[in-house]
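Q: File final_22.pdb follows (PDB, C-alpha atoms):
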MODEL        1
ATOM      1  CA  MET A   1     -11.473  -9.037  -9.628
ATOM      2  CA  THR A   2     -10.581 -10.397  -6.234
ATOM      3  CA  VAL A   3      -8.494  -8.609  -3.609
ATOM      4  CA  ARG A   4      -7.740 -10.280  -0.303
ATOM      5  CA  VAL A   5      -5.630  -8.982   2.577
ATOM      6  CA  GLN A   6      -5.119 -11.810   5.010
ATOM      7  CA  VAL A   7      -2.927 -13.268   7.752
ATOM      8  CA  GLU A   8      -3.210 -16.804   6.375
ATOM      9  CA  ASP A   9      -0.902 -18.291   3.768
ATOM     10  CA  PHE A  10      -2.246 -19.021   0.269
ATOM     11  CA  ASP A  11      -2.065 -22.032  -2.051
ATOM     12  CA  VAL A  12      -1.080 -20.801  -5.522
ATOM     13  CA  SER A  13      -2.383 -23.873  -7.361
ATOM     14  CA  ARG A  14      -5.746 -23.693  -5.679
ATOM     15  CA  GLU A  15      -6.064 -19.941  -6.317
ATOM     16  CA  ILE A  16      -5.239 -20.320 -10.012
ATOM     17  CA  ALA A  17      -7.611 -23.282 -10.369
ATOM     18  CA  GLN A  18     -10.374 -21.195  -8.810
ATOM     19  CA  LEU A  19      -9.673 -18.208 -11.056
ATOM     20  CA  ARG A  20      -9.775 -20.155 -14.343
ATOM     21  CA  LYS A  21     -12.523 -22.557 -13.362
ATOM     22  CA  GLY A  22     -14.883 -23.264 -16.257
ATOM     23  CA  ASN A  23     -13.460 -20.519 -18.487
ATOM     24  CA  PRO A  24     -12.163 -21.985 -21.769
ATOM     25  CA  ARG A  25     -11.571 -18.515 -23.232
ATOM     26  CA  ILE A  26      -8.443 -18.124 -21.087
ATOM     27  CA  GLY A  27      -5.285 -18.797 -23.062
ATOM     28  CA  ALA A  28      -2.702 -17.361 -20.667
ATOM     29  CA  ILE A  29      -2.225 -17.072 -16.931
ATOM     30  CA  ALA A  30       0.608 -14.966 -15.537
ATOM     31  CA  SER A  31       1.412 -15.013 -11.851
ATOM     32  CA  PHE A  32       3.843 -13.336  -9.493
ATOM     33  CA  ILE A  33       4.673 -14.492  -5.977
ATOM     34  CA  GLY A  34       6.621 -12.270  -3.606
ATOM     35  CA  VAL A  35       8.419 -14.075  -0.769
ATOM     36  CA  VAL A  36      10.402 -13.049   2.311
ATOM     37  CA  ARG A  37      14.187 -12.911   1.912
ATOM     38  CA  ASP A  38      16.543 -13.505   4.834
ATOM     39  CA  MET A  39      18.755 -10.529   3.911
ATOM     40  CA  ASN A  40      18.017  -6.842   3.397
ATOM     41  CA  GLU A  41      20.433  -3.922   3.184
ATOM     42  CA  GLY A  42      23.213  -6.293   4.210
ATOM     43  CA  ASP A  43      21.531  -7.425   7.430
ATOM     44  CA  ARG A  44      20.034 -10.780   8.259
ATOM     45  CA  VAL A  45      16.266 -10.549   8.660
ATOM     46  CA  ALA A  46      14.763 -12.872  11.274
ATOM     47  CA  GLU A  47      11.156 -11.879  10.600
ATOM     48  CA  MET A  48       9.043  -8.985   9.431
ATOM     49  CA  THR A  49       5.683  -7.516  10.308
ATOM     50  CA  LEU A  50       3.348  -6.312   7.558
ATOM     51  CA  GLU A  51       0.932  -3.534   8.455
ATOM     52  CA  HIS A  52      -1.823  -2.065   6.253
ATOM     53  CA  TYR A  53      -4.585   0.547   6.205
ATOM     54  CA  PRO A  54      -7.819  -1.488   6.345
ATOM     55  CA  GLY A  55     -10.235  -0.207   3.734
ATOM     56  CA  MET A  56      -7.846   2.017   1.830
ATOM     57  CA  THR A  57      -5.481  -0.844   1.018
ATOM     58  CA  GLU A  58      -8.182  -2.947  -0.613
ATOM     59  CA  LYS A  59      -9.579   0.090  -2.409
ATOM     60  CA  SER A  60      -6.200   1.135  -3.796
ATOM     61  CA  VAL A  61      -5.455  -2.375  -5.108
ATOM     62  CA  GLU A  62      -8.901  -2.481  -6.734
ATOM     63  CA  GLU A  63      -8.130   0.839  -8.445
ATOM     64  CA  ILE A  64      -4.841  -0.560  -9.739
ATOM     65  CA  ILE A  65      -6.653  -3.603 -11.154
ATOM     66  CA  THR A  66      -9.237  -1.352 -12.797
ATOM     67  CA  GLN A  67      -6.378   0.545 -14.469
ATOM     68  CA  ALA A  68      -4.880  -2.742 -15.670
ATOM     69  CA  HIS A  69      -8.230  -3.681 -17.224
ATOM     70  CA  GLY A  70      -8.253  -0.351 -19.028
ATOM     71  CA  ARG A  71      -4.782  -0.845 -20.474
ATOM     72  CA  TRP A  72      -4.678  -4.525 -21.393
ATOM     73  CA  ASP A  73      -7.003  -7.229 -22.577
ATOM     74  CA  VAL A  74      -7.230  -9.112 -19.292
ATOM     75  CA  MET A  75     -10.107 -11.257 -18.092
ATOM     76  CA  ASP A  76      -9.587 -11.433 -14.370
ATOM     77  CA  VAL A  77      -7.061 -10.361 -11.769
ATOM     78  CA  LEU A  78      -6.502 -11.809  -8.313
ATOM     79  CA  VAL A  79      -4.345 -10.154  -5.655
ATOM     80  CA  ILE A  80      -3.672 -11.679  -2.251
ATOM     81  CA  HIS A  81      -1.415  -9.828   0.194
ATOM     82  CA  ARG A  82      -0.533 -11.164   3.610
ATOM     83  CA  ILE A  83      -0.231  -9.098   6.789
ATOM     84  CA  GLY A  84       1.104  -9.817  10.257
ATOM     85  CA  ILE A  85       4.341 -11.596  11.140
ATOM     86  CA  LEU A  86       6.174 -13.285   8.261
ATOM     87  CA  LYS A  87       9.466 -15.165   8.240
ATOM     88  CA  PRO A  88      12.070 -15.841   5.536
ATOM     89  CA  LEU A  89      10.701 -18.316   2.939
ATOM     90  CA  ASP A  90       7.108 -17.233   3.645
ATOM     91  CA  GLN A  91       4.919 -16.053   0.765
ATOM     92  CA  ILE A  92       3.894 -12.382   1.008
ATOM     93  CA  VAL A  93       1.973 -11.513  -2.115
ATOM     94  CA  LEU A  94       0.293 -13.214  -5.066
ATOM     95  CA  VAL A  95      -0.819 -11.567  -8.308
ATOM     96  CA  VAL A  96      -2.557 -13.700 -10.945
ATOM     97  CA  VAL A  97      -3.794 -12.377 -14.285
ATOM     98  CA  THR A  98      -5.836 -14.338 -16.806
ATOM     99  CA  SER A  99      -6.048 -13.312 -20.449
ATOM    100  CA  THR A 100      -6.520 -14.620 -23.948
ATOM    101  CA  HIS A 101      -2.828 -14.201 -24.782
ATOM    102  CA  ARG A 102       0.375 -14.082 -22.782
ATOM    103  CA  GLY A 103       1.508 -10.574 -23.752
ATOM    104  CA  ASP A 104      -1.353  -8.878 -21.966
ATOM    105  CA  ALA A 105      -1.146 -11.266 -19.016
ATOM    106  CA  PHE A 106       2.589 -10.671 -18.477
ATOM    107  CA  ALA A 107       2.342  -6.900 -18.816
ATOM    108  CA  ALA A 108      -0.715  -6.532 -16.590
ATOM    109  CA  CYS A 109       0.809  -8.761 -13.912
ATOM    110  CA  GLU A 110       3.990  -6.693 -13.785
ATOM    111  CA  PHE A 111       2.034  -3.430 -13.840
ATOM    112  CA  VAL A 112      -0.191  -4.489 -10.929
ATOM    113  CA  MET A 113       2.853  -5.503  -8.901
ATOM    114  CA  ASP A 114       4.818  -2.322  -9.681
ATOM    115  CA  TYR A 115       1.867  -0.127  -8.749
ATOM    116  CA  LEU A 116       1.050  -2.149  -5.646
ATOM    117  CA  LYS A 117       4.602  -1.667  -4.382
ATOM    118  CA  THR A 118       4.449   2.096  -4.703
ATOM    119  CA  ARG A 119       0.762   2.913  -4.097
ATOM    120  CA  ALA A 120      -0.975   0.360  -1.905
ATOM    121  CA  PRO A 121      -0.672   1.244   1.785
ATOM    122  CA  PHE A 122       1.377  -1.598   3.242
ATOM    123  CA  TRP A 123       4.434  -1.162   5.450
ATOM    124  CA  LYS A 124       7.151  -3.610   6.452
ATOM    125  CA  LYS A 125       8.989  -3.631   9.746
ATOM    126  CA  GLU A 126      12.007  -5.921   9.887
ATOM    127  CA  GLN A 127      13.462  -7.683  12.882
ATOM    128  CA  THR A 128      17.244  -7.890  12.437
ATOM    129  CA  GLY A 129      20.151  -8.697  14.736
ATOM    130  CA  GLY A 130      20.470  -4.965  15.341
ATOM    131  CA  GLY A 131      16.818  -4.567  16.393
ATOM    132  CA  ALA A 132      13.578  -3.679  14.660
ATOM    133  CA  ARG A 133      13.441  -1.146  11.817
ATOM    134  CA  TRP A 134      10.867   0.141   9.339
ATOM    135  CA  VAL A 135      11.819  -0.599   5.758
ATOM    136  CA  ASP A 136      12.453   2.520   3.664
ATOM    137  CA  ALA A 137      10.754   3.003   0.309
ATOM    138  CA  ARG A 138      13.136   2.238  -2.569
ATOM    139  CA  ALA A 139      13.860   4.567  -5.465
ATOM    140  CA  ALA A 140      14.083   1.490  -7.717
ATOM    141  CA  ASP A 141      10.421   0.707  -6.972
ATOM    142  CA  ASP A 142       9.383   4.247  -7.899
ATOM    143  CA  ALA A 143      11.358   3.949 -11.127
ATOM    144  CA  ALA A 144       9.687   0.615 -11.911
ATOM    145  CA  ALA A 145       6.233   2.153 -11.459
ATOM    146  CA  GLN A 146       7.241   5.254 -13.426
ATOM    147  CA  ARG A 147       7.993   3.178 -16.534
ATOM    148  CA  TRP A 148       4.285   2.490 -17.061
ATOM    149  CA  GLN A 149       3.437   6.164 -17.276
ATOM    150  CA  SER A 150       5.323   6.662 -20.507
ATOM    151  CA  LYS A 151       3.796   3.569 -22.129
ATOM    152  CA  ALA A 152       0.470   3.673 -23.911
TER     153      ALA A 152
ATOM    154  CA  MET B   1     -21.334  23.267  16.219
ATOM    155  CA  VAL B   2     -17.801  21.926  16.246
ATOM    156  CA  ASN B   3     -16.398  20.294  13.139
ATOM    157  CA  THR B   4     -14.370  17.195  13.900
ATOM    158  CA  ILE B   5     -12.130  14.956  11.839
ATOM    159  CA  THR B   6     -10.607  11.567  12.564
ATOM    160  CA  LEU B   7      -6.849  11.336  12.221
ATOM    161  CA  LEU B   8      -5.110   8.017  11.575
ATOM    162  CA  TYR B   9      -1.382   7.300  11.772
ATOM    163  CA  PHE B  10       0.345   4.242  10.371
ATOM    164  CA  ALA B  11       3.642   2.395  10.637
ATOM    165  CA  ARG B  12       6.579   4.528  11.786
ATOM    166  CA  LEU B  13       4.377   7.590  12.319
ATOM    167  CA  ARG B  14       1.998   5.617  14.558
ATOM    168  CA  GLU B  15       4.952   4.538  16.708
ATOM    169  CA  THR B  16       6.615   7.948  16.760
ATOM    170  CA  PHE B  17       3.417   9.793  17.673
ATOM    171  CA  GLY B  18       2.452   7.117  20.196
ATOM    172  CA  MET B  19      -1.087   6.746  18.881
ATOM    173  CA  ALA B  20      -2.962   5.087  16.025
ATOM    174  CA  SER B  21      -5.859   7.538  15.853
ATOM    175  CA  GLU B  22      -7.455  10.588  17.425
ATOM    176  CA  LYS B  23     -10.405  12.878  16.851
ATOM    177  CA  ILE B  24      -9.739  16.605  16.716
ATOM    178  CA  ALA B  25     -11.868  19.694  16.368
ATOM    179  CA  LEU B  26     -11.178  21.643  13.195
ATOM    180  CA  PRO B  27     -10.326  25.216  14.127
ATOM    181  CA  ALA B  28     -11.777  27.993  11.977
ATOM    182  CA  GLY B  29      -9.662  28.511   8.893
ATOM    183  CA  VAL B  30      -8.453  24.913   8.649
ATOM    184  CA  ALA B  31      -9.947  23.633   5.400
ATOM    185  CA  THR B  32      -7.183  21.783   3.558
ATOM    186  CA  LEU B  33      -4.846  18.886   4.213
ATOM    187  CA  GLY B  34      -1.921  21.318   4.252
ATOM    188  CA  GLU B  35      -3.606  23.295   7.017
ATOM    189  CA  VAL B  36      -4.222  20.116   9.031
ATOM    190  CA  ARG B  37      -0.550  19.244   8.601
ATOM    191  CA  ALA B  38       0.475  22.682   9.865
ATOM    192  CA  LEU B  39      -1.872  22.329  12.828
ATOM    193  CA  LEU B  40      -0.263  19.016  13.824
ATOM    194  CA  ALA B  41       3.281  20.209  13.155
ATOM    195  CA  ALA B  42       2.613  23.139  15.502
ATOM    196  CA  ARG B  43       2.472  20.601  18.355
ATOM    197  CA  GLY B  44       6.266  20.613  18.102
ATOM    198  CA  GLY B  45       8.677  17.781  18.888
ATOM    199  CA  THR B  46       8.265  14.661  16.773
ATOM    200  CA  TRP B  47       5.125  16.153  15.184
ATOM    201  CA  ALA B  48       7.067  19.105  13.825
ATOM    202  CA  HIS B  49       9.902  16.834  12.743
ATOM    203  CA  GLU B  50       7.878  14.109  11.000
ATOM    204  CA  LEU B  51       5.401  16.452   9.322
ATOM    205  CA  ALA B  52       7.911  19.123   8.302
ATOM    206  CA  ALA B  53       7.610  20.411   4.753
ATOM    207  CA  GLY B  54       9.896  18.306   2.584
ATOM    208  CA  ARG B  55       9.682  15.197   4.798
ATOM    209  CA  ALA B  56       8.767  12.044   2.910
ATOM    210  CA  PHE B  57       5.335  11.334   4.343
ATOM    211  CA  ARG B  58       2.107  10.560   2.522
ATOM    212  CA  ALA B  59      -1.460  11.464   3.381
ATOM    213  CA  ALA B  60      -4.951  10.387   2.456
ATOM    214  CA  VAL B  61      -8.368  11.982   2.868
ATOM    215  CA  ASN B  62     -11.249   9.513   3.116
ATOM    216  CA  GLN B  63      -8.916   6.744   1.921
ATOM    217  CA  ASP B  64      -7.813   8.481  -1.263
ATOM    218  CA  ILE B  65      -4.225   9.659  -1.654
ATOM    219  CA  ALA B  66      -4.303  13.405  -1.154
ATOM    220  CA  THR B  67      -2.153  16.456  -1.745
ATOM    221  CA  MET B  68      -1.684  19.434   0.523
ATOM    222  CA  ASP B  69      -4.431  21.397  -1.257
ATOM    223  CA  THR B  70      -7.038  18.609  -0.872
ATOM    224  CA  PRO B  71     -10.074  19.987   1.020
ATOM    225  CA  VAL B  72     -10.770  18.645   4.511
ATOM    226  CA  LYS B  73     -14.204  19.008   6.055
ATOM    227  CA  ASP B  74     -16.326  17.899   8.992
ATOM    228  CA  GLY B  75     -16.407  14.136   9.423
ATOM    229  CA  ASP B  76     -13.452  13.369   7.160
ATOM    230  CA  GLU B  77     -10.924  10.620   7.839
ATOM    231  CA  VAL B  78      -7.414  11.961   7.388
ATOM    232  CA  ALA B  79      -4.419   9.612   7.474
ATOM    233  CA  PHE B  80      -0.696  10.304   7.621
ATOM    234  CA  PHE B  81       1.835   7.576   6.868
ATOM    235  CA  PRO B  82       5.332   6.917   5.509
ATOM    236  CA  PRO B  83       5.951   5.999   1.848
ATOM    237  CA  VAL B  84       4.572   2.499   1.311
ATOM    238  CA  THR B  85       6.750  -0.625   1.344
ATOM    239  CA  GLY B  86       4.481  -3.593   0.609
ATOM    240  CA  GLY B  87       4.776  -6.386  -1.907
TER     241      GLY B  87
ENDMDL
END
Take the structure from the file and write it as structure tokens.
A:
Amino acid sequence: MTVRVQVEDFDVSREIAQLRKGNPRIGAIASFIGVVRDMNEGDRVAEMTLEHYPGMTEKSVEEIITQAHGRWDVMDVLVIHRIGILKPLDQIVLVVVTSTHRGDAFAACEFVMDYLKTRAPFWKKEQTGGGARWVDARAADDAAAQRWQSKA
Amino acid sequence: MVNTITLLYFARLRETFGMASEKIALPAGVATLGEVRALLAARGGTWAHELAAGRAFRAAVNQDIATMDTPVKDGDEVAFFPPVTGG
């Protein structure tokens, strides 16, 4: 597994090429890219700042990936999450899962993302016309993560 | 010998408390996360408000998500932060 928390942007094609390099057993690659929207809670967002807990953040994402390996037949998982100042259109997060078949790749990718959103210590602060504000956790994200607890 | 722990605050809590970290001596009888919380809340003001029972904050001991009955001992790193909002 690879977990990177970084200020720099990432190149999805290059990351996927690196992950599957020389591995002909891979039959499916699922990826998710989270990007910055220009609207939240009805307000225009000019930019946001991503903060994390160095050490714990990486560790918690690694634990999530380990869980994914335990639940699905996945070969490798890559997670890149950006920190610092991000603007609308910018990429925030990348999850890539390689597997023999698509079912496991899709499920593991969604699981990693749902758990990351509710468990990995990252926080967003938005800059809007009305000033800066910390983004509140969403009940919908908790519900999305909860789904996986009732599934085998 | 004085037992000390390192406290870390993130995001809104870091701003509200006006600090990112501090080292404190553990008074006798403080041995769990819940007791550390009570110790900080007893400072009053924003501390009492943000760390009140029932407030939506999270905590970690040595970088593992913790509950109020998690033991805290000399040398531990204890973090308080709001619910996470990454991704």
Q: Please identify all residues of chain A having at least one atom at most 12 Å from any atom of chain B, considering all atoms listed in the file, and return them as a ChimeraX atom specification.
A: /A:5,32-36,48-61,63,79-84,91-95,110,112-126,132-142
Q: Mind dumping a table of every range 89-126 of chain A residue within 7 Å of range 64-78 of chain A, with the nearest atom pair and its distance in Å to one decimal, using only C-alpha atoms, sorted by chain and rising number, as a tab-separated table?
A:
residue	atom	partner	partner_atom	distance
A:Val95	CA	A:Leu78	CA	5.7
A:Val96	CA	A:Leu78	CA	5.1
A:Val97	CA	A:Val77	CA	4.6
A:Thr98	CA	A:Asp76	CA	5.3
A:Ser99	CA	A:Val74	CA	4.5
A:Asp104	CA	A:Trp72	CA	5.5
A:Ala105	CA	A:Val74	CA	6.5
A:Ala108	CA	A:Ala68	CA	5.7
A:Val112	CA	A:Ile64	CA	6.2
A:Tyr115	CA	A:Ile64	CA	6.8
Q: At what distance in Å, to one decimal, does CA of Ala28 in chain A lie from CA of Phe106 in chain A?
A: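 For CA of Phe106 in chain A relative to CA of Ala28 in chain A, the distance reads 8.8 Å.
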Q: One number please: CA of Asp69 in chain B to CA of Ala38 in chain B, in Å, one decimal.
A: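 Straight-line distance from CA of Asp69 in chain B to CA of Ala38 in chain B works out to 12.2 Å.
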Q: Between CA of Gly103 in chain A and CA of Arg20 in chain A, what distance in Å does the model show, to one decimal?
A: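 Atom-to-atom, CA of Gly103 in chain A to CA of Arg20 in chain A, that is 17.5 Å.
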Q: Within 12 Å of Leu40 in chain B, counting only C-alpha atoms, which residues show up once you throw out same-chain ones fewer than 3 positions away? Write them as number ranges by chain, please.
A: B: 7, 9, 17, 22, 24-27, 30, 33-37, 43-52, 78, 80
Q: Provide range 87-101 of chain A of the preceding structure as a file containing C-alpha atoms, as a PDB file, in the first residue's frame.
A:
ATOM      1  CA  LYS A  87      -9.122  26.244  -4.826  1.00  0.00           C
ATOM      2  CA  PRO A  88     -12.240  25.199  -6.760  1.00  0.00           C
ATOM      3  CA  LEU A  89     -11.327  22.722  -9.547  1.00  0.00           C
ATOM      4  CA  ASP A  90      -8.273  21.501  -7.607  1.00  0.00           C
ATOM      5  CA  GLN A  91      -7.888  17.785  -6.889  1.00  0.00           C
ATOM      6  CA  ILE A  92      -8.034  16.907  -3.174  1.00  0.00           C
ATOM      7  CA  VAL A  93      -7.880  13.155  -2.870  1.00  0.00           C
ATOM      8  CA  LEU A  94      -7.077  10.095  -4.971  1.00  0.00           C
ATOM      9  CA  VAL A  95      -7.911   6.480  -4.135  1.00  0.00           C
ATOM     10  CA  VAL A  96      -6.799   3.741  -6.539  1.00  0.00           C
ATOM     11  CA  VAL A  97      -7.463   0.037  -6.009  1.00  0.00           C
ATOM     12  CA  THR A  98      -6.096  -2.771  -8.158  1.00  0.00           C
ATOM     13  CA  SER A  99      -7.676  -6.217  -8.201  1.00  0.00           C
ATOM     14  CA  THR A 100      -8.256  -9.264 -10.334  1.00  0.00           C
ATOM     15  CA  HIS A 101     -11.909  -8.362 -10.924  1.00  0.00           C
TER      16      HIS A 101
END
